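Student: Have a look at the structure that comes next, please.
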Amino acid sequence: MAENEKLYWEDFHPGETLTYDGKTVTREEIAEYNRVFGQHPLRENGDELIANEVQAACFFMRLLVDNVLSRSSSMGSPGLKSLRWYHPVRPGDTLHARQETLNRTVHPRRPHLGFTDSRFELRNQRDEVVLEMESSGLFLLRNPREESGT
Amino acid sequence: MSRTLYFEDLEEGANLEYGSTTLSADQIKAFARDYDPQPFHLDENAARESVFRGLASSGWHTVSLTVQCLRESERYRLANLALDGLDNLRWQRPVRPGDRLTVLATATELRSGGASSTPGSARLLIETRNQADEAVMSVEALVRIARRPEGPCA
């Protein structure tokens, strides 16, 4: 995949893997999300601060935007097939992500758009899997007429 | 006063409304700046030219508000609700500034956790609707919910 060019649907190749830079989570970010959207019900002893599970997915989203979507023709996402949480996120954790493109199809009615299905993994600095997700993205095609017949 | 629902209070197939919430353009943009800085979540003009045809919330903002309603809305709160996973999430319609979202959920696959201190697990079929009663998001959540505390004072 080209490093500096804008990414279109054609640039996501099934079987190809991308890795994203790390992001270190601060205590303030967790506290602020909890203030607005509510706490994670603490599953462990004490009152140690852990991120709401949904915020862990939000941290992943930010990595995806910064590393891929901001330099792409992203048109949003229709949804996700599955997401599983395995390890909580705590202040100071450094998160990194991996994306494997599984499949891609042209939109059945709008041939200038295409879907990509990907499997994502978010891990912390101890290489523990925070979450796994399979989801779809919607992108513009670079060459709609050439690709619409495939 | 919201009513706390424990695992024992859930009935298979019963559809409950878990409360509602409204969001503003400023809230949509603030969330997007932190977690999903794509033009159609940040800027009205860019959004008008996009597939959304106007400013729309990040899908993760909609998920955040939906889970918040399940945990701490004015009507009910699911006791110590913990999420293990999501299946088949669909962002069906854009969420716009001023939209009032209502969260409905039906519990299926209820399984008590054995010992009374072990949370029960369930699959919640969730639909988030706007003020026109259109579904904006649907999702199945795999969750754990606290059991009702024992004792005469509980």
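Letters for chains follow the order of the structure tokens (A, B, ...), residue numbers begin at 1 for each chain, and ligand numbers begin at 1 in the order shown.
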Write out as an mmCIF file with C-alpha atoms, in the first residue's frame which residues come within 7 Å of range 54-64 of chain B when counting only C-alpha atoms, dropping same-chain ones fewer than 2 positions away.

Tutor:
```
data_model
loop_
_atom_site.group_PDB
_atom_site.id
_atom_site.type_symbol
_atom_site.label_atom_id
_atom_site.label_comp_id
_atom_site.auth_asym_id
_atom_site.auth_seq_id
_atom_site.Cartn_x
_atom_site.Cartn_y
_atom_site.Cartn_z
ATOM 1 C CA PHE A 37 -20.788 8.902 29.479
ATOM 2 C CA VAL A 54 -16.905 1.727 24.763
ATOM 3 C CA CYS A 58 -13.250 4.873 20.720
ATOM 4 C CA ILE B 28 -21.213 15.863 18.047
ATOM 5 C CA PHE B 31 -16.767 13.855 20.467
ATOM 6 C CA ALA B 32 -15.499 13.716 16.878
ATOM 7 C CA ASP B 36 -13.414 10.265 15.177
ATOM 8 C CA PHE B 40 -18.599 14.708 8.114
ATOM 9 C CA HIS B 41 -18.577 14.589 11.954
ATOM 10 C CA ASP B 43 -17.913 20.437 9.822
ATOM 11 C CA GLU B 44 -21.375 21.267 8.443
ATOM 12 C CA ALA B 47 -20.818 17.020 5.828
ATOM 13 C CA ARG B 48 -23.296 18.470 3.321
ATOM 14 C CA PHE B 52 -24.387 11.864 5.161
ATOM 15 C CA THR B 66 -26.770 3.997 24.018
ATOM 16 C CA VAL B 67 -24.655 2.190 26.625
ATOM 17 C CA GLN B 68 -24.958 5.202 28.937
ATOM 18 C CA TRP B 91 -25.649 2.301 11.935
ATOM 19 C CA PRO B 94 -27.375 9.445 10.571
ATOM 20 C CA VAL B 95 -27.843 10.994 14.023
ATOM 21 C CA ARG B 96 -28.278 14.758 13.654
#
```

Student: Taking only C-alpha atoms into account, what are the residues of chain B at most 7 Å from chain A, put as a ChimeraX atom specification?

Tutor: /B:35-38,51,60,64-65,68,80-91

Student: Could you give me, as an MDAnalysis selection string, the residues within 6 Å of range 129-134 of chain B, counting only C-alpha atoms and dropping anything in the same chain fewer than 5 positions from it?

Tutor: chainID B and resid 100:102

Student: Leaving out Glu28 in chain A and any residue of its chain fewer than 3 positions from it, which residues lie within 12 Å of it when counting only C-alpha atoms, given as an NGL selection string?

Tutor: :A and (24-25 or 31-35 or 49-51 or 90-92)

Student: Would you please extract all helix (DSSP H, G or I) residues from range 25-111 of chain B, as assigned by DSSP on the backbone, and give them as a ChimeraX atom specification?

Tutor: /B:25-35,39-42,44-48,59-72

Student: Within 12 Å of Asp9 in chain B, counting only C-alpha atoms, which residues qualify if same-chain residues fewer than 3 places away don't, as a list in words?

Tutor: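 Final neighbour list, sorted by chain and number: Arg3, Thr4, Leu5, Tyr6, Glu12, Ala14, Leu16, Tyr76, Arg77, Leu78, Ala79, Ala107, Leu110, Ser112, Gly120, Ile145, Ala146, Arg147 and Arg148 of chain B.
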
Student: Next, the residues of the selection above should be written as a PDB file, in the first residue's frame with N, CA, C and O atoms.

Tutor:
```
ATOM      1  N   ARG B   3     -35.119   3.072  38.463  1.00  0.00           N
ATOM      2  CA  ARG B   3     -35.235   1.764  39.107  1.00  0.00           C
ATOM      3  C   ARG B   3     -34.044   0.908  38.693  1.00  0.00           C
ATOM      4  O   ARG B   3     -33.755   0.788  37.504  1.00  0.00           O
ATOM      5  N   THR B   4     -33.364   0.332  39.673  1.00  0.00           N
ATOM      6  CA  THR B   4     -32.236  -0.547  39.369  1.00  0.00           C
ATOM      7  C   THR B   4     -32.770  -1.929  39.006  1.00  0.00           C
ATOM      8  O   THR B   4     -33.543  -2.516  39.764  1.00  0.00           O
ATOM      9  N   LEU B   5     -32.386  -2.401  37.860  1.00  0.00           N
ATOM     10  CA  LEU B   5     -32.788  -3.742  37.426  1.00  0.00           C
ATOM     11  C   LEU B   5     -31.638  -4.700  37.630  1.00  0.00           C
ATOM     12  O   LEU B   5     -30.536  -4.471  37.128  1.00  0.00           O
ATOM     13  N   TYR B   6     -31.898  -5.766  38.374  1.00  0.00           N
ATOM     14  CA  TYR B   6     -30.912  -6.827  38.545  1.00  0.00           C
ATOM     15  C   TYR B   6     -31.212  -7.930  37.537  1.00  0.00           C
ATOM     16  O   TYR B   6     -32.264  -7.938  36.886  1.00  0.00           O
ATOM     17  N   GLU B  12     -37.168 -12.812  29.739  1.00  0.00           N
ATOM     18  CA  GLU B  12     -36.838 -13.133  28.358  1.00  0.00           C
ATOM     19  C   GLU B  12     -37.914 -12.561  27.426  1.00  0.00           C
ATOM     20  O   GLU B  12     -39.101 -12.792  27.629  1.00  0.00           O
ATOM     21  N   ALA B  14     -39.051  -9.542  27.069  1.00  0.00           N
ATOM     22  CA  ALA B  14     -39.747  -8.300  27.443  1.00  0.00           C
ATOM     23  C   ALA B  14     -38.976  -7.098  26.915  1.00  0.00           C
ATOM     24  O   ALA B  14     -37.767  -6.990  27.108  1.00  0.00           O
ATOM     25  N   LEU B  16     -38.044  -3.286  26.970  1.00  0.00           N
ATOM     26  CA  LEU B  16     -38.058  -2.167  27.905  1.00  0.00           C
ATOM     27  C   LEU B  16     -37.471  -0.925  27.247  1.00  0.00           C
ATOM     28  O   LEU B  16     -36.511  -1.024  26.482  1.00  0.00           O
ATOM     29  N   TYR B  76     -34.539   3.312  34.112  1.00  0.00           N
ATOM     30  CA  TYR B  76     -33.962   2.093  34.674  1.00  0.00           C
ATOM     31  C   TYR B  76     -32.455   2.204  34.635  1.00  0.00           C
ATOM     32  O   TYR B  76     -31.892   2.932  33.827  1.00  0.00           O
ATOM     33  N   ARG B  77     -31.806   1.420  35.462  1.00  0.00           N
ATOM     34  CA  ARG B  77     -30.371   1.225  35.297  1.00  0.00           C
ATOM     35  C   ARG B  77     -30.081  -0.262  35.491  1.00  0.00           C
ATOM     36  O   ARG B  77     -30.559  -0.882  36.432  1.00  0.00           O
ATOM     37  N   LEU B  78     -29.336  -0.826  34.573  1.00  0.00           N
ATOM     38  CA  LEU B  78     -28.982  -2.239  34.676  1.00  0.00           C
ATOM     39  C   LEU B  78     -27.799  -2.351  35.635  1.00  0.00           C
ATOM     40  O   LEU B  78     -26.745  -1.748  35.418  1.00  0.00           O
ATOM     41  N   ALA B  79     -27.975  -3.129  36.711  1.00  0.00           N
ATOM     42  CA  ALA B  79     -27.003  -3.152  37.805  1.00  0.00           C
ATOM     43  C   ALA B  79     -25.651  -3.681  37.329  1.00  0.00           C
ATOM     44  O   ALA B  79     -25.553  -4.796  36.826  1.00  0.00           O
ATOM     45  N   ALA B 107     -34.132  -8.611  26.383  1.00  0.00           N
ATOM     46  CA  ALA B 107     -33.135  -9.590  26.828  1.00  0.00           C
ATOM     47  C   ALA B 107     -33.472 -10.969  26.277  1.00  0.00           C
ATOM     48  O   ALA B 107     -34.635 -11.379  26.267  1.00  0.00           O
ATOM     49  N   LEU B 110     -30.882 -15.546  28.621  1.00  0.00           N
ATOM     50  CA  LEU B 110     -30.553 -15.262  30.027  1.00  0.00           C
ATOM     51  C   LEU B 110     -29.940 -16.499  30.666  1.00  0.00           C
ATOM     52  O   LEU B 110     -30.501 -17.593  30.587  1.00  0.00           O
ATOM     53  N   SER B 112     -28.146 -17.519  34.413  1.00  0.00           N
ATOM     54  CA  SER B 112     -27.662 -17.112  35.734  1.00  0.00           C
ATOM     55  C   SER B 112     -26.277 -17.702  35.936  1.00  0.00           C
ATOM     56  O   SER B 112     -25.930 -18.739  35.387  1.00  0.00           O
ATOM     57  N   GLY B 120     -25.205 -12.632  36.208  1.00  0.00           N
ATOM     58  CA  GLY B 120     -25.866 -13.386  35.157  1.00  0.00           C
ATOM     59  C   GLY B 120     -25.457 -12.824  33.803  1.00  0.00           C
ATOM     60  O   GLY B 120     -25.002 -11.687  33.696  1.00  0.00           O
ATOM     61  N   ILE B 145     -24.801  -8.888  34.142  1.00  0.00           N
ATOM     62  CA  ILE B 145     -25.597  -8.015  34.998  1.00  0.00           C
ATOM     63  C   ILE B 145     -25.593  -8.599  36.410  1.00  0.00           C
ATOM     64  O   ILE B 145     -25.712  -9.816  36.592  1.00  0.00           O
ATOM     65  N   ALA B 146     -25.459  -7.727  37.417  1.00  0.00           N
ATOM     66  CA  ALA B 146     -25.374  -8.186  38.814  1.00  0.00           C
ATOM     67  C   ALA B 146     -26.656  -8.892  39.238  1.00  0.00           C
ATOM     68  O   ALA B 146     -27.761  -8.527  38.811  1.00  0.00           O
ATOM     69  N   ARG B 147     -26.506  -9.891  40.116  1.00  0.00           N
ATOM     70  CA  ARG B 147     -27.659 -10.573  40.711  1.00  0.00           C
ATOM     71  C   ARG B 147     -28.204  -9.715  41.842  1.00  0.00           C
ATOM     72  O   ARG B 147     -27.486  -8.925  42.447  1.00  0.00           O
ATOM     73  N   ARG B 148     -29.485  -9.908  42.149  1.00  0.00           N
ATOM     74  CA  ARG B 148     -30.114  -9.154  43.230  1.00  0.00           C
ATOM     75  C   ARG B 148     -29.470  -9.532  44.565  1.00  0.00           C
ATOM     76  O   ARG B 148     -29.334 -10.708  44.867  1.00  0.00           O
TER      77      ARG B 148
END
```

Student: Give me the residues near Glu128 in chain A as an MDAnalysis selection string, where near means some atom within 10 Å (using only C-alpha atoms) and where sequence neighbours in that chain fewer than 2 positions away do not count.

Tutor: chainID A and resid 86:88 95 122:126 130:131

Student: Would you mind exporting the chosen residues as a PDB file, in the first residue's frame, restricted to C-alpha atoms?

Tutor:
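Writing done, so here's result_33.pdb:
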```pdb
ATOM      1  CA  TYR A  86     -10.744  -9.090  26.537  1.00  0.00           C
ATOM      2  CA  HIS A  87      -8.595  -6.735  28.651  1.00  0.00           C
ATOM      3  CA  PRO A  88      -9.474  -3.397  30.273  1.00  0.00           C
ATOM      4  CA  LEU A  95      -2.420   0.879  22.571  1.00  0.00           C
ATOM      5  CA  LEU A 122      -6.171  -3.623  19.624  1.00  0.00           C
ATOM      6  CA  ARG A 123      -3.317  -4.614  21.975  1.00  0.00           C
ATOM      7  CA  ASN A 124      -1.659  -2.951  24.952  1.00  0.00           C
ATOM      8  CA  GLN A 125       2.062  -2.573  25.785  1.00  0.00           C
ATOM      9  CA  ARG A 126       2.103  -6.062  27.348  1.00  0.00           C
ATOM     10  CA  VAL A 130      -7.803  -5.387  24.482  1.00  0.00           C
ATOM     11  CA  LEU A 131     -10.395  -5.988  21.804  1.00  0.00           C
TER      12      LEU A 131
END
```

Student: Any chance you could list, as number ranges by chain, the residues in chain B that come up strand (DSSP E) when DSSP is run on the backbone?

Tutor: B: 3-5, 15-22, 76-78, 82-91, 100-111, 120-129, 135-145

Student: I'd like to know which of A:Phe115, A:Trp9, A:Phe120, A:Tyr20 is closest to Glu100 in chain A, using only C-alpha atoms.

Tutor: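 For Glu100 in chain A, the nearest of the candidates is A:Phe120.
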
Student: If I take CA of Glu17 in chain B and CA of Ala56 in chain A, how far is one from the other in Å, to one decimal?

Tutor: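 Taking CA of Glu17 in chain B and CA of Ala56 in chain A, their separation equals 26.0 Å.
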
Student: Which value, in Å to one decimal, gives the distance between CA of Arg123 in chain B and CA of Leu142 in chain B?

Tutor: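 The value is 4.7 Å.
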
Student: Please provide the set of residues having any atom within 8 Å of Ser73 in chain B, restricted to only C-alpha atoms, with same-chain residues fewer than 5 positions apart removed, written as a list in words.

Tutor: Ser2, Tyr18, Gly19, Ser20 and Gln68 of chain B

Student: Put those residues in a file: all heavy atoms, as a CSV table (one decimal), in the first residue's frame.

Tutor:
```csv
chain,number,residue,atom,x,y,z
B,2,SER,N,-34.6,6.5,39.2
B,2,SER,CA,-34.5,5.4,38.3
B,2,SER,C,-34.6,4.1,39.1
B,2,SER,O,-34.1,4.0,40.2
B,2,SER,CB,-33.3,5.5,37.4
B,2,SER,OG,-32.2,5.1,38.1
B,18,TYR,N,-35.3,2.2,27.9
B,18,TYR,CA,-34.3,2.5,28.9
B,18,TYR,C,-34.0,4.0,29.1
B,18,TYR,O,-33.0,4.4,29.6
B,18,TYR,CB,-33.0,1.7,28.6
B,18,TYR,CG,-33.1,0.3,29.1
B,18,TYR,CD1,-33.7,-0.6,28.3
B,18,TYR,CD2,-32.7,0.0,30.4
B,18,TYR,CE1,-33.8,-1.9,28.7
B,18,TYR,CE2,-32.9,-1.3,30.8
B,18,TYR,CZ,-33.4,-2.3,30.0
B,18,TYR,OH,-33.6,-3.6,30.4
B,19,GLY,N,-34.9,4.8,28.5
B,19,GLY,CA,-34.6,6.3,28.6
B,19,GLY,C,-34.1,6.9,27.4
B,19,GLY,O,-33.9,6.2,26.4
B,20,SER,N,-33.9,8.2,27.4
B,20,SER,CA,-33.5,8.9,26.2
B,20,SER,C,-32.6,10.0,26.5
B,20,SER,O,-32.3,10.4,27.6
B,20,SER,CB,-34.8,9.4,25.5
B,20,SER,OG,-35.6,10.1,26.4
B,68,GLN,N,-24.7,4.3,27.8
B,68,GLN,CA,-25.0,5.2,28.9
B,68,GLN,C,-26.4,5.1,29.4
B,68,GLN,O,-26.7,5.0,30.6
B,68,GLN,CB,-24.6,6.6,28.6
B,68,GLN,CG,-24.8,7.6,29.7
B,68,GLN,CD,-24.5,9.1,29.3
B,68,GLN,OE1,-24.6,9.4,28.1
B,68,GLN,NE2,-24.1,9.9,30.2
```
